[in-house]
>>> print(open('final32.pdb').read())   # PDB, C-alpha atoms and all ligand atoms
ATOM      1  CA  MET A   1       0.000   0.000   0.000  1.00  0.00           C
ATOM      2  CA  ILE A   2       1.348   3.407  -1.000  1.00  0.00           C
ATOM      3  CA  ARG A   3       0.271   6.169   1.371  1.00  0.00           C
ATOM      4  CA  THR A   4       0.445   9.730   0.169  1.00  0.00           C
ATOM      5  CA  LYS A   5      -0.917  13.119   1.110  1.00  0.00           C
ATOM      6  CA  VAL A   6      -2.184  14.002  -2.366  1.00  0.00           C
ATOM      7  CA  LEU A   7      -3.401  11.456  -4.904  1.00  0.00           C
ATOM      8  CA  VAL A   8      -4.015  12.720  -8.434  1.00  0.00           C
ATOM      9  CA  VAL A   9      -5.533  10.441 -11.066  1.00  0.00           C
ATOM     10  CA  GLY A  10      -4.835  11.565 -14.619  1.00  0.00           C
ATOM     11  CA  GLY A  11      -1.718  13.190 -16.067  1.00  0.00           C
ATOM     12  CA  GLY A  12      -3.484  15.641 -18.405  1.00  0.00           C
ATOM     13  CA  PRO A  13      -3.359  19.425 -17.974  1.00  0.00           C
ATOM     14  CA  GLY A  14      -5.824  19.186 -15.079  1.00  0.00           C
ATOM     15  CA  GLY A  15      -3.881  16.501 -13.260  1.00  0.00           C
ATOM     16  CA  TYR A  16      -0.242  17.355 -13.856  1.00  0.00           C
ATOM     17  CA  VAL A  17      -0.649  21.027 -12.976  1.00  0.00           C
ATOM     18  CA  ALA A  18      -2.377  20.085  -9.700  1.00  0.00           C
ATOM     19  CA  ALA A  19       0.274  17.472  -8.891  1.00  0.00           C
ATOM     20  CA  ILE A  20       3.190  19.805  -9.660  1.00  0.00           C
ATOM     21  CA  ARG A  21       1.690  22.533  -7.474  1.00  0.00           C
ATOM     22  CA  ALA A  22       1.019  20.128  -4.608  1.00  0.00           C
ATOM     23  CA  GLY A  23       4.604  18.872  -4.882  1.00  0.00           C
ATOM     24  CA  GLN A  24       5.958  22.431  -4.937  1.00  0.00           C
ATOM     25  CA  LEU A  25       4.016  23.113  -1.737  1.00  0.00           C
ATOM     26  CA  GLY A  26       5.934  20.271  -0.137  1.00  0.00           C
ATOM     27  CA  LEU A  27       3.074  17.790  -0.059  1.00  0.00           C
ATOM     28  CA  ASP A  28       3.854  14.138  -0.662  1.00  0.00           C
ATOM     29  CA  THR A  29       2.107  13.579  -4.024  1.00  0.00           C
ATOM     30  CA  VAL A  30       1.389  10.592  -6.261  1.00  0.00           C
ATOM     31  CA  LEU A  31       0.079  10.972  -9.806  1.00  0.00           C
ATOM     32  CA  VAL A  32      -1.464   7.959 -11.561  1.00  0.00           C
ATOM     33  CA  GLU A  33      -1.576   7.919 -15.364  1.00  0.00           C
ATOM     34  CA  ALA A  34      -2.655   5.007 -17.543  1.00  0.00           C
ATOM     35  CA  ASP A  35      -1.262   6.408 -20.783  1.00  0.00           C
ATOM     36  CA  ARG A  36       1.457   8.950 -21.510  1.00  0.00           C
ATOM     37  CA  LEU A  37       1.974  12.091 -19.450  1.00  0.00           C
ATOM     38  CA  GLY A  38       0.251  15.079 -21.001  1.00  0.00           C
ATOM     39  CA  GLY A  39      -3.256  13.709 -21.462  1.00  0.00           C
ATOM     40  CA  THR A  40      -5.537  14.430 -24.380  1.00  0.00           C
ATOM     41  CA  CYS A  41      -4.103  17.920 -24.875  1.00  0.00           C
ATOM     42  CA  LEU A  42      -0.463  16.957 -25.352  1.00  0.00           C
ATOM     43  CA  ILE A  43      -0.803  13.476 -26.794  1.00  0.00           C
ATOM     44  CA  ARG A  44      -3.730  13.600 -29.225  1.00  0.00           C
ATOM     45  CA  GLY A  45      -5.566  16.897 -28.887  1.00  0.00           C
ATOM     46  CA  CYS A  46      -4.421  20.510 -28.817  1.00  0.00           C
ATOM     47  CA  ILE A  47      -0.715  20.117 -29.520  1.00  0.00           C
ATOM     48  CA  PRO A  48      -0.717  17.446 -32.260  1.00  0.00           C
ATOM     49  CA  SER A  49      -3.717  19.018 -34.005  1.00  0.00           C
ATOM     50  CA  LYS A  50      -2.058  22.448 -34.047  1.00  0.00           C
ATOM     51  CA  ALA A  51       1.212  20.939 -35.308  1.00  0.00           C
ATOM     52  CA  LEU A  52      -0.593  19.223 -38.192  1.00  0.00           C
ATOM     53  CA  ILE A  53      -2.673  22.324 -38.971  1.00  0.00           C
ATOM     54  CA  HIS A  54       0.574  24.331 -39.050  1.00  0.00           C
ATOM     55  CA  ALA A  55       2.173  21.844 -41.489  1.00  0.00           C
ATOM     56  CA  ALA A  56      -0.980  21.864 -43.655  1.00  0.00           C
ATOM     57  CA  GLY A  57      -0.897  25.675 -43.708  1.00  0.00           C
ATOM     58  CA  LYS A  58       2.750  25.715 -44.841  1.00  0.00           C
ATOM     59  CA  PHE A  59       1.967  23.188 -47.560  1.00  0.00           C
ATOM     60  CA  ASP A  60      -1.012  25.232 -48.734  1.00  0.00           C
ATOM     61  CA  ASP A  61       1.037  28.463 -48.812  1.00  0.00           C
ATOM     62  CA  MET A  62       3.634  26.721 -50.981  1.00  0.00           C
ATOM     63  CA  ARG A  63       0.998  25.202 -53.239  1.00  0.00           C
ATOM     64  CA  ARG A  64      -0.523  28.647 -53.802  1.00  0.00           C
ATOM     65  CA  ALA A  65       2.905  30.121 -54.586  1.00  0.00           C
ATOM     66  CA  VAL A  66       3.467  27.821 -57.574  1.00  0.00           C
ATOM     67  CA  CYS A  67       3.792  30.101 -60.612  1.00  0.00           C
ATOM     68  CA  ASP A  68       1.903  32.746 -58.660  1.00  0.00           C
ATOM     69  CA  GLY A  69       4.407  35.465 -57.843  1.00  0.00           C
ATOM     70  CA  ILE A  70       2.251  37.351 -55.315  1.00  0.00           C
ATOM     71  CA  MET A  71       4.659  39.150 -52.964  1.00  0.00           C
ATOM     72  CA  GLY A  72       7.380  38.179 -55.405  1.00  0.00           C
ATOM     73  CA  ILE A  73       7.496  34.617 -54.131  1.00  0.00           C
ATOM     74  CA  THR A  74       7.276  31.934 -56.775  1.00  0.00           C
ATOM     75  CA  LEU A  75       7.833  28.203 -56.719  1.00  0.00           C
ATOM     76  CA  ARG A  76       8.689  26.453 -59.953  1.00  0.00           C
ATOM     77  CA  GLU A  77       7.236  23.106 -58.907  1.00  0.00           C
ATOM     78  CA  ALA A  78       4.295  22.023 -56.817  1.00  0.00           C
ATOM     79  CA  PRO A  79       5.374  20.970 -53.297  1.00  0.00           C
ATOM     80  CA  SER A  80       5.030  17.378 -52.220  1.00  0.00           C
ATOM     81  CA  ILE A  81       4.279  16.045 -48.774  1.00  0.00           C
ATOM     82  CA  ASP A  82       5.575  12.900 -47.092  1.00  0.00           C
ATOM     83  CA  LEU A  83       2.898  12.290 -44.473  1.00  0.00           C
ATOM     84  CA  ASN A  84       5.016   9.706 -42.652  1.00  0.00           C
ATOM     85  CA  ARG A  85       7.687  12.336 -42.039  1.00  0.00           C
ATOM     86  CA  THR A  86       5.057  14.896 -41.048  1.00  0.00           C
ATOM     87  CA  MET A  87       3.690  12.452 -38.471  1.00  0.00           C
ATOM     88  CA  LEU A  88       7.219  11.725 -37.181  1.00  0.00           C
ATOM     89  CA  TRP A  89       7.844  15.461 -36.792  1.00  0.00           C
ATOM     90  CA  LYS A  90       4.534  15.805 -34.913  1.00  0.00           C
ATOM     91  CA  GLU A  91       5.421  12.816 -32.680  1.00  0.00           C
ATOM     92  CA  GLY A  92       8.782  14.454 -31.901  1.00  0.00           C
ATOM     93  CA  ILE A  93       6.963  17.533 -30.583  1.00  0.00           C
ATOM     94  CA  VAL A  94       4.583  15.374 -28.521  1.00  0.00           C
ATOM     95  CA  ASP A  95       7.501  13.335 -27.089  1.00  0.00           C
ATOM     96  CA  ARG A  96       9.404  16.464 -26.127  1.00  0.00           C
ATOM     97  CA  LEU A  97       6.433  18.037 -24.351  1.00  0.00           C
ATOM     98  CA  SER A  98       5.369  14.815 -22.625  1.00  0.00           C
ATOM     99  CA  GLY A  99       8.978  14.335 -21.461  1.00  0.00           C
ATOM    100  CA  GLY A 100       8.986  17.925 -20.211  1.00  0.00           C
ATOM    101  CA  VAL A 101       5.936  17.211 -18.058  1.00  0.00           C
ATOM    102  CA  GLY A 102       7.819  14.228 -16.586  1.00  0.00           C
ATOM    103  CA  VAL A 103      10.784  16.470 -15.764  1.00  0.00           C
ATOM    104  CA  LEU A 104       8.551  19.055 -14.065  1.00  0.00           C
ATOM    105  CA  LEU A 105       6.868  16.322 -12.006  1.00  0.00           C
ATOM    106  CA  ARG A 106      10.238  14.919 -10.952  1.00  0.00           C
ATOM    107  CA  LYS A 107      11.505  18.380 -10.004  1.00  0.00           C
ATOM    108  CA  ALA A 108       8.429  18.818  -7.803  1.00  0.00           C
ATOM    109  CA  ASN A 109       9.131  15.401  -6.196  1.00  0.00           C
ATOM    110  CA  VAL A 110       5.878  13.904  -7.495  1.00  0.00           C
ATOM    111  CA  ARG A 111       5.859  10.114  -7.738  1.00  0.00           C
ATOM    112  CA  VAL A 112       4.344   8.937 -11.037  1.00  0.00           C
ATOM    113  CA  LEU A 113       2.617   5.574 -11.115  1.00  0.00           C
ATOM    114  CA  GLU A 114       1.846   4.103 -14.544  1.00  0.00           C
ATOM    115  CA  GLY A 115      -1.426   2.225 -14.617  1.00  0.00           C
ATOM    116  CA  TRP A 116      -5.202   2.366 -14.556  1.00  0.00           C
ATOM    117  CA  ALA A 117      -6.733   3.538 -11.271  1.00  0.00           C
ATOM    118  CA  THR A 118     -10.026   2.275  -9.914  1.00  0.00           C
ATOM    119  CA  PHE A 119     -11.367   3.975  -6.800  1.00  0.00           C
ATOM    120  CA  SER A 120     -12.711   1.843  -3.968  1.00  0.00           C
ATOM    121  CA  ASP A 121     -13.556   4.867  -1.821  1.00  0.00           C
ATOM    122  CA  ALA A 122     -13.016   8.609  -2.018  1.00  0.00           C
ATOM    123  CA  LYS A 123      -9.356   8.370  -0.984  1.00  0.00           C
ATOM    124  CA  THR A 124      -8.261   4.896  -2.049  1.00  0.00           C
ATOM    125  CA  CYS A 125      -7.686   3.385  -5.447  1.00  0.00           C
ATOM    126  CA  THR A 126      -6.231   0.243  -6.890  1.00  0.00           C
ATOM    127  CA  VAL A 127      -3.804   0.838  -9.732  1.00  0.00           C
ATOM    128  CA  ARG A 128      -3.378  -1.884 -12.337  1.00  0.00           C
ATOM    129  CA  THR A 129       0.284  -1.534 -13.389  1.00  0.00           C
ATOM    130  CA  SER A 130       2.366  -3.708 -15.712  1.00  0.00           C
ATOM    131  CA  GLU A 131       3.802  -5.380 -12.614  1.00  0.00           C
ATOM    132  CA  GLY A 132       0.521  -6.080 -10.845  1.00  0.00           C
ATOM    133  CA  GLU A 133      -1.896  -4.230  -8.633  1.00  0.00           C
ATOM    134  CA  GLU A 134      -0.891  -1.477  -6.254  1.00  0.00           C
ATOM    135  CA  MET A 135      -3.159   0.132  -3.698  1.00  0.00           C
ATOM    136  CA  VAL A 136      -2.760   3.875  -3.168  1.00  0.00           C
ATOM    137  CA  ARG A 137      -4.332   5.847  -0.359  1.00  0.00           C
ATOM    138  CA  GLY A 138      -4.299   9.605  -0.369  1.00  0.00           C
ATOM    139  CA  GLY A 139      -5.533  12.089   2.157  1.00  0.00           C
ATOM    140  CA  THR A 140      -4.281  15.201   3.817  1.00  0.00           C
ATOM    141  CA  ARG A 141      -5.551  17.487   6.484  1.00  0.00           C
ATOM    142  CA  ASP A 142      -2.943  20.183   6.018  1.00  0.00           C
ATOM    143  CA  LEU A 143      -3.553  21.043   2.332  1.00  0.00           C
ATOM    144  CA  GLY A 144      -5.732  24.004   3.383  1.00  0.00           C
ATOM    145  CA  GLU A 145      -3.057  25.129   5.838  1.00  0.00           C
ATOM    146  CA  ARG A 146      -0.339  25.024   3.188  1.00  0.00           C
ATOM    147  CA  LEU A 147      -2.461  27.021   0.756  1.00  0.00           C
ATOM    148  CA  GLU A 148      -3.362  29.426   3.537  1.00  0.00           C
ATOM    149  CA  SER A 149       0.256  30.064   4.461  1.00  0.00           C
ATOM    150  CA  ARG A 150       1.353  30.704   0.862  1.00  0.00           C
ATOM    151  CA  GLY A 151      -1.748  32.263  -0.680  1.00  0.00           C
ATOM    152  CA  SER A 152      -2.399  32.294  -4.395  1.00  0.00           C
ATOM    153  CA  PRO A 153       0.336  34.012  -6.398  1.00  0.00           C
ATOM    154  CA  ARG A 154      -2.253  35.293  -8.873  1.00  0.00           C
ATOM    155  CA  THR A 155      -5.109  36.408  -6.681  1.00  0.00           C
ATOM    156  CA  GLY A 156      -3.409  36.973  -3.348  1.00  0.00           C
ATOM    157  CA  ILE A 157      -6.252  34.984  -1.788  1.00  0.00           C
ATOM    158  CA  ARG A 158      -4.902  33.271   1.305  1.00  0.00           C
ATOM    159  CA  ARG A 159      -7.740  31.565   3.100  1.00  0.00           C
ATOM    160  CA  PRO A 160     -10.636  29.466   1.798  1.00  0.00           C
ATOM    161  CA  ARG A 161     -13.083  31.819   3.526  1.00  0.00           C
ATOM    162  CA  ASP A 162     -11.715  34.709   1.457  1.00  0.00           C
ATOM    163  CA  LEU A 163     -13.191  32.921  -1.540  1.00  0.00           C
ATOM    164  CA  VAL A 164     -16.623  33.203   0.036  1.00  0.00           C
ATOM    165  CA  HIS A 165     -16.077  36.859   1.085  1.00  0.00           C
ATOM    166  CA  ARG A 166     -15.060  37.751  -2.462  1.00  0.00           C
ATOM    167  CA  GLY A 167     -17.953  35.823  -3.977  1.00  0.00           C
ATOM    168  CA  LEU A 168     -15.630  33.537  -5.912  1.00  0.00           C
ATOM    169  CA  GLY A 169     -16.840  30.271  -4.514  1.00  0.00           C
ATOM    170  CA  ALA A 170     -19.501  28.500  -2.542  1.00  0.00           C
ATOM    171  CA  GLY A 171     -19.281  28.320   1.220  1.00  0.00           C
ATOM    172  CA  PRO A 172     -21.617  26.894   3.820  1.00  0.00           C
ATOM    173  CA  GLY A 173     -25.050  28.209   3.060  1.00  0.00           C
ATOM    174  CA  ALA A 174     -23.857  29.962  -0.104  1.00  0.00           C
TER     175      ALA A 174
HETATM  176  C1  LIG B 201      -8.499  17.395 -31.228  1.00  0.00           C
HETATM  177  C2  LIG B 201      -8.546  18.209 -29.942  1.00  0.00           C
HETATM  178  C3  LIG B 201      -8.055  19.514 -29.963  1.00  0.00           C
HETATM  179  C4  LIG B 201      -8.103  20.288 -28.798  1.00  0.00           C
HETATM  180  N1  LIG B 201      -7.608  21.570 -28.854  1.00  0.00           N
HETATM  181  C5  LIG B 201      -7.658  22.339 -27.755  1.00  0.00           C
HETATM  182  C6  LIG B 201      -7.156  23.683 -27.777  1.00  0.00           C
HETATM  183  O1  LIG B 201      -6.655  24.167 -28.795  1.00  0.00           O
HETATM  184  N2  LIG B 201      -7.216  24.413 -26.643  1.00  0.00           N
HETATM  185  C7  LIG B 201      -7.775  23.919 -25.495  1.00  0.00           C
HETATM  186  O2  LIG B 201      -7.818  24.644 -24.496  1.00  0.00           O
HETATM  187  N3  LIG B 201      -8.238  22.652 -25.428  1.00  0.00           N
HETATM  188  C8  LIG B 201      -8.209  21.868 -26.528  1.00  0.00           C
HETATM  189  N4  LIG B 201      -8.693  20.579 -26.459  1.00  0.00           N
HETATM  190  C9  LIG B 201      -9.275  20.112 -25.196  1.00  0.00           C
HETATM  191  C10 LIG B 201      -8.173  19.662 -24.223  1.00  0.00           C
HETATM  192  O3  LIG B 201      -7.438  18.609 -24.797  1.00  0.00           O
HETATM  193  C11 LIG B 201      -8.842  19.214 -22.928  1.00  0.00           C
HETATM  194  O4  LIG B 201      -9.627  20.264 -22.434  1.00  0.00           O
HETATM  195  C12 LIG B 201      -7.812  18.847 -21.880  1.00  0.00           C
HETATM  196  O5  LIG B 201      -6.943  17.850 -22.346  1.00  0.00           O
HETATM  197  C13 LIG B 201      -8.539  18.383 -20.617  1.00  0.00           C
HETATM  198  O6  LIG B 201      -7.538  18.092 -19.641  1.00  0.00           O
HETATM  199  P1  LIG B 201      -7.807  17.053 -18.495  1.00  0.00           P
HETATM  200  O7  LIG B 201      -6.547  16.944 -17.689  1.00  0.00           O
HETATM  201  O8  LIG B 201      -9.059  17.416 -17.797  1.00  0.00           O
HETATM  202  O9  LIG B 201      -8.134  15.668 -19.237  1.00  0.00           O
HETATM  203  P2  LIG B 201      -7.210  14.840 -20.236  1.00  0.00           P
HETATM  204  O10 LIG B 201      -6.263  15.699 -20.967  1.00  0.00           O
HETATM  205  O11 LIG B 201      -8.164  13.998 -21.040  1.00  0.00           O
HETATM  206  O12 LIG B 201      -6.375  13.923 -19.288  1.00  0.00           O
HETATM  207  C14 LIG B 201      -6.934  12.881 -18.557  1.00  0.00           C
HETATM  208  C15 LIG B 201      -5.855  11.865 -18.329  1.00  0.00           C
HETATM  209  O13 LIG B 201      -6.274  10.966 -17.317  1.00  0.00           O
HETATM  210  C16 LIG B 201      -5.923   9.657 -17.663  1.00  0.00           C
HETATM  211  N5  LIG B 201      -6.897   8.816 -16.957  1.00  0.00           N
HETATM  212  C17 LIG B 201      -8.257   8.904 -17.017  1.00  0.00           C
HETATM  213  N6  LIG B 201      -8.805   8.007 -16.196  1.00  0.00           N
HETATM  214  C18 LIG B 201      -7.764   7.337 -15.604  1.00  0.00           C
HETATM  215  C19 LIG B 201      -7.712   6.287 -14.661  1.00  0.00           C
HETATM  216  N7  LIG B 201      -8.824   5.750 -14.129  1.00  0.00           N
HETATM  217  N8  LIG B 201      -6.504   5.827 -14.292  1.00  0.00           N
HETATM  218  C20 LIG B 201      -5.362   6.373 -14.802  1.00  0.00           C
HETATM  219  N9  LIG B 201      -5.365   7.374 -15.698  1.00  0.00           N
HETATM  220  C21 LIG B 201      -6.562   7.855 -16.089  1.00  0.00           C
HETATM  221  C22 LIG B 201      -6.039   9.620 -19.185  1.00  0.00           C
HETATM  222  O14 LIG B 201      -5.193   8.603 -19.718  1.00  0.00           O
HETATM  223  C23 LIG B 201      -5.557  11.021 -19.556  1.00  0.00           C
HETATM  224  O15 LIG B 201      -4.163  11.056 -19.808  1.00  0.00           O
HETATM  225  C24 LIG B 201      -8.652  19.762 -27.598  1.00  0.00           C
HETATM  226  C25 LIG B 201      -9.125  18.437 -27.571  1.00  0.00           C
HETATM  227  C26 LIG B 201      -9.077  17.667 -28.726  1.00  0.00           C
HETATM  228  C27 LIG B 201      -9.608  16.242 -28.682  1.00  0.00           C
END
>>> encode(input="final32.pdb", output="structure tokens")
Amino acid sequence: MIRTKVLVVGGGPGGYVAAIRAGQLGLDTVLVEADRLGGTCLIRGCIPSKALIHAAGKFDDMRRAVCDGIMGITLREAPSIDLNRTMLWKEGIVDRLSGGVGVLLRKANVRVLEGWATFSDAKTCTVRTSEGEEMVRGGTRDLGERLESRGSPRTGIRRPRDLVHRGLGAGPGA
């Protein structure tokens, strides 16, 4: 059984940012990810789609420039595209960014567990890893205290009740 203060399931932008911040605050943190670090955004969503759209845009610009001469730019021949190489280039970007997330997690002392998590209660999950099942239990009482002592760098909000005073969140009876 792995015991940790903060247990994060999912290494996408939601999960890795939370885990890195918890680690930076000095909280013992475990992040569980079944696939590659980065989630939908880095692995198959935002980043790869923008990379491919960028390559398609370059190709289209070149195609339009064939015997065109607008802005004085002319290509003698139509461009060609090797989609395998385009995909390799895109994968290189994804690998670099996913690796970068791993580095940031390591720097924040977050333990990464590869596998699929299934919760048995609000704080405990079983993670199916390549080497078998691992039980992880998270739970901290001092998360609020840590946040309170540091405050938010962006908002300056220090205590959970400030959220209620400022109308930014729900409190008891809100
Ligand atoms: C084609 C495409 C383009 C997009 N473009 C943009 C864009 O330009 N800008 C933008 O803001 N958003 C974009 N998005 C949306 C963006 O990808 C999501 O909003 C974002 O990834 C959500 O982050 P998340 O951490 O909540 O979830 P995800 O990124 O989906 O991460 C969840 C992670 O949790 C893991 N996981 C889930 N369940 C378990 C489990 N039980 N055990 C272990 N691991 C688990 C998954 O493997 C996954 O890695 C795009 C999405 C797509 C599909």
>>> atom_distance(input="final32.pdb", atom1="CA of Val94 (chain A)", atom2="CA of Asp60 (chain A)")
23.2 Å
>>> atom_distance(input="final32.pdb", atom1="atom C8 of ligand LIG 201 (chain B)", atom2="CA of Asp35 (chain A)")
17.9 Å
>>> residues_near_ligand(input="final32.pdb", ligand="ligand LIG 201 (chain B)", cutoff="8 Å", atoms="only C-alpha atoms and all ligand atoms", output="JSON, numbers by chain")
{"A": [9, 10, 11, 12, 13, 14, 15, 16, 32, 33, 34, 35, 36, 37, 38, 39, 40, 41, 42, 44, 45, 46, 47, 48, 49, 50, 114, 115, 116, 117, 118, 119, 127]}
>>> residues_near_point(input="final32.pdb", point="(7.5, 22.1, -34.7)", cutoff="9 Å", atoms="only C-alpha atoms", output="PyMOL selection string")
chain A and resi 51+54-55+89-90+92-93
>>> atom_distance(input="final32.pdb", atom1="CA of Pro79 (chain A)", atom2="CA of Arg63 (chain A)")
6.1 Å
>>> closest_residue(input="final32.pdb", among="A:Ile43, A:Leu83, A:Ile20, A:Gly69", to="Asp95 (chain A)", atoms="all atoms listed in the file")
A:Ile43
>>> closest_residue(input="final32.pdb", among="A:Leu25, A:Ala78, A:Val112, A:Ala122", to="Ile2 (chain A)", atoms="all atoms listed in the file")
A:Val112
>>> resolve_selection(input="final32.pdb", expression="the PyMOL selection byres (((chain A and resi 29) around 12) and not hetatm)", output="ChimeraX atom specification")
/A:2-9,15-28,30-32,105-106,108-113,136-140,143
>>> resolve_selection(input="final32.pdb", expression="the PyMOL selection byres (((chain A and resi 64) around 12) and not hetatm)", output="JSON list (two decimals) with C-alpha atoms, in the frame of the given file")
[["chain", "number", "residue", "atom", "x", "y", "z"],
["A", 57, "GLY", "CA", -0.90, 25.68, -43.71],
["A", 58, "LYS", "CA", 2.75, 25.72, -44.84],
["A", 59, "PHE", "CA", 1.97, 23.19, -47.56],
["A", 60, "ASP", "CA", -1.01, 25.23, -48.73],
["A", 61, "ASP", "CA", 1.04, 28.46, -48.81],
["A", 62, "MET", "CA", 3.63, 26.72, -50.98],
["A", 63, "ARG", "CA", 1.00, 25.20, -53.24],
["A", 65, "ALA", "CA", 2.90, 30.12, -54.59],
["A", 66, "VAL", "CA", 3.47, 27.82, -57.57],
["A", 67, "CYS", "CA", 3.79, 30.10, -60.61],
["A", 68, "ASP", "CA", 1.90, 32.75, -58.66],
["A", 69, "GLY", "CA", 4.41, 35.47, -57.84],
["A", 70, "ILE", "CA", 2.25, 37.35, -55.32],
["A", 71, "MET", "CA", 4.66, 39.15, -52.96],
["A", 73, "ILE", "CA", 7.50, 34.62, -54.13],
["A", 74, "THR", "CA", 7.28, 31.93, -56.78],
["A", 75, "LEU", "CA", 7.83, 28.20, -56.72],
["A", 76, "ARG", "CA", 8.69, 26.45, -59.95],
["A", 77, "GLU", "CA", 7.24, 23.11, -58.91],
["A", 78, "ALA", "CA", 4.30, 22.02, -56.82],
["A", 79, "PRO", "CA", 5.37, 20.97, -53.30]]
>>> closest_residue(input="final32.pdb", among="A:Val101, A:Cys125, A:Met1, A:Leu52", to="Asn84 (chain A)", atoms="only C-alpha atoms")
A:Leu52
>>> build_atoms(input="final32.pdb", residues="region 78-96 of chain A", atoms="N, CA and C atoms", output="mmCIF file, in the coordinates of the input")
data_model
loop_
_atom_site.group_PDB
_atom_site.id
_atom_site.type_symbol
_atom_site.label_atom_id
_atom_site.label_comp_id
_atom_site.auth_asym_id
_atom_site.auth_seq_id
_atom_site.Cartn_x
_atom_site.Cartn_y
_atom_site.Cartn_z
ATOM 1 N N ALA A 78 5.243 22.220 -57.912
ATOM 2 C CA ALA A 78 4.295 22.023 -56.817
ATOM 3 C C ALA A 78 5.016 21.303 -55.671
ATOM 4 N N PRO A 79 4.720 21.663 -54.416
ATOM 5 C CA PRO A 79 5.374 20.970 -53.297
ATOM 6 C C PRO A 79 4.810 19.563 -53.157
ATOM 7 N N SER A 80 5.561 18.715 -52.509
ATOM 8 C CA SER A 80 5.030 17.378 -52.220
ATOM 9 C C SER A 80 5.072 17.204 -50.708
ATOM 10 N N ILE A 81 4.283 16.282 -50.219
ATOM 11 C CA ILE A 81 4.279 16.045 -48.774
ATOM 12 C C ILE A 81 4.457 14.557 -48.497
ATOM 13 N N ASP A 82 5.355 14.277 -47.537
ATOM 14 C CA ASP A 82 5.575 12.900 -47.092
ATOM 15 C C ASP A 82 4.895 12.805 -45.718
ATOM 16 N N LEU A 83 3.690 12.274 -45.716
ATOM 17 C CA LEU A 83 2.898 12.290 -44.473
ATOM 18 C C LEU A 83 3.557 11.508 -43.340
ATOM 19 N N ASN A 84 4.320 10.459 -43.711
ATOM 20 C CA ASN A 84 5.016 9.706 -42.652
ATOM 21 C C ASN A 84 5.992 10.614 -41.911
ATOM 22 N N ARG A 85 6.735 11.431 -42.680
ATOM 23 C CA ARG A 85 7.687 12.336 -42.039
ATOM 24 C C ARG A 85 6.971 13.426 -41.254
ATOM 25 N N THR A 86 5.831 13.885 -41.778
ATOM 26 C CA THR A 86 5.057 14.896 -41.048
ATOM 27 C C THR A 86 4.620 14.329 -39.696
ATOM 28 N N MET A 87 4.155 13.071 -39.715
ATOM 29 C CA MET A 87 3.690 12.452 -38.471
ATOM 30 C C MET A 87 4.858 12.248 -37.497
ATOM 31 N N LEU A 88 6.040 11.892 -38.045
ATOM 32 C CA LEU A 88 7.219 11.725 -37.181
ATOM 33 C C LEU A 88 7.601 13.046 -36.520
ATOM 34 N N TRP A 89 7.550 14.116 -37.319
ATOM 35 C CA TRP A 89 7.844 15.461 -36.792
ATOM 36 C C TRP A 89 6.868 15.806 -35.677
ATOM 37 N N LYS A 90 5.566 15.532 -35.925
ATOM 38 C CA LYS A 90 4.534 15.805 -34.913
ATOM 39 C C LYS A 90 4.789 14.967 -33.657
ATOM 40 N N GLU A 91 5.152 13.687 -33.839
ATOM 41 C CA GLU A 91 5.421 12.816 -32.680
ATOM 42 C C GLU A 91 6.606 13.327 -31.867
ATOM 43 N N GLY A 92 7.605 13.902 -32.592
ATOM 44 C CA GLY A 92 8.782 14.454 -31.901
ATOM 45 C C GLY A 92 8.370 15.582 -30.954
ATOM 46 N N ILE A 93 7.442 16.417 -31.420
ATOM 47 C CA ILE A 93 6.963 17.533 -30.583
ATOM 48 C C ILE A 93 6.234 16.967 -29.367
ATOM 49 N N VAL A 94 5.353 15.984 -29.619
ATOM 50 C CA VAL A 94 4.583 15.374 -28.521
ATOM 51 C C VAL A 94 5.537 14.733 -27.504
ATOM 52 N N ASP A 95 6.537 13.995 -27.995
ATOM 53 C CA ASP A 95 7.501 13.335 -27.089
ATOM 54 C C ASP A 95 8.222 14.357 -26.213
ATOM 55 N N ARG A 96 8.649 15.453 -26.863
ATOM 56 C CA ARG A 96 9.404 16.464 -26.127
ATOM 57 C C ARG A 96 8.551 17.073 -25.010
#
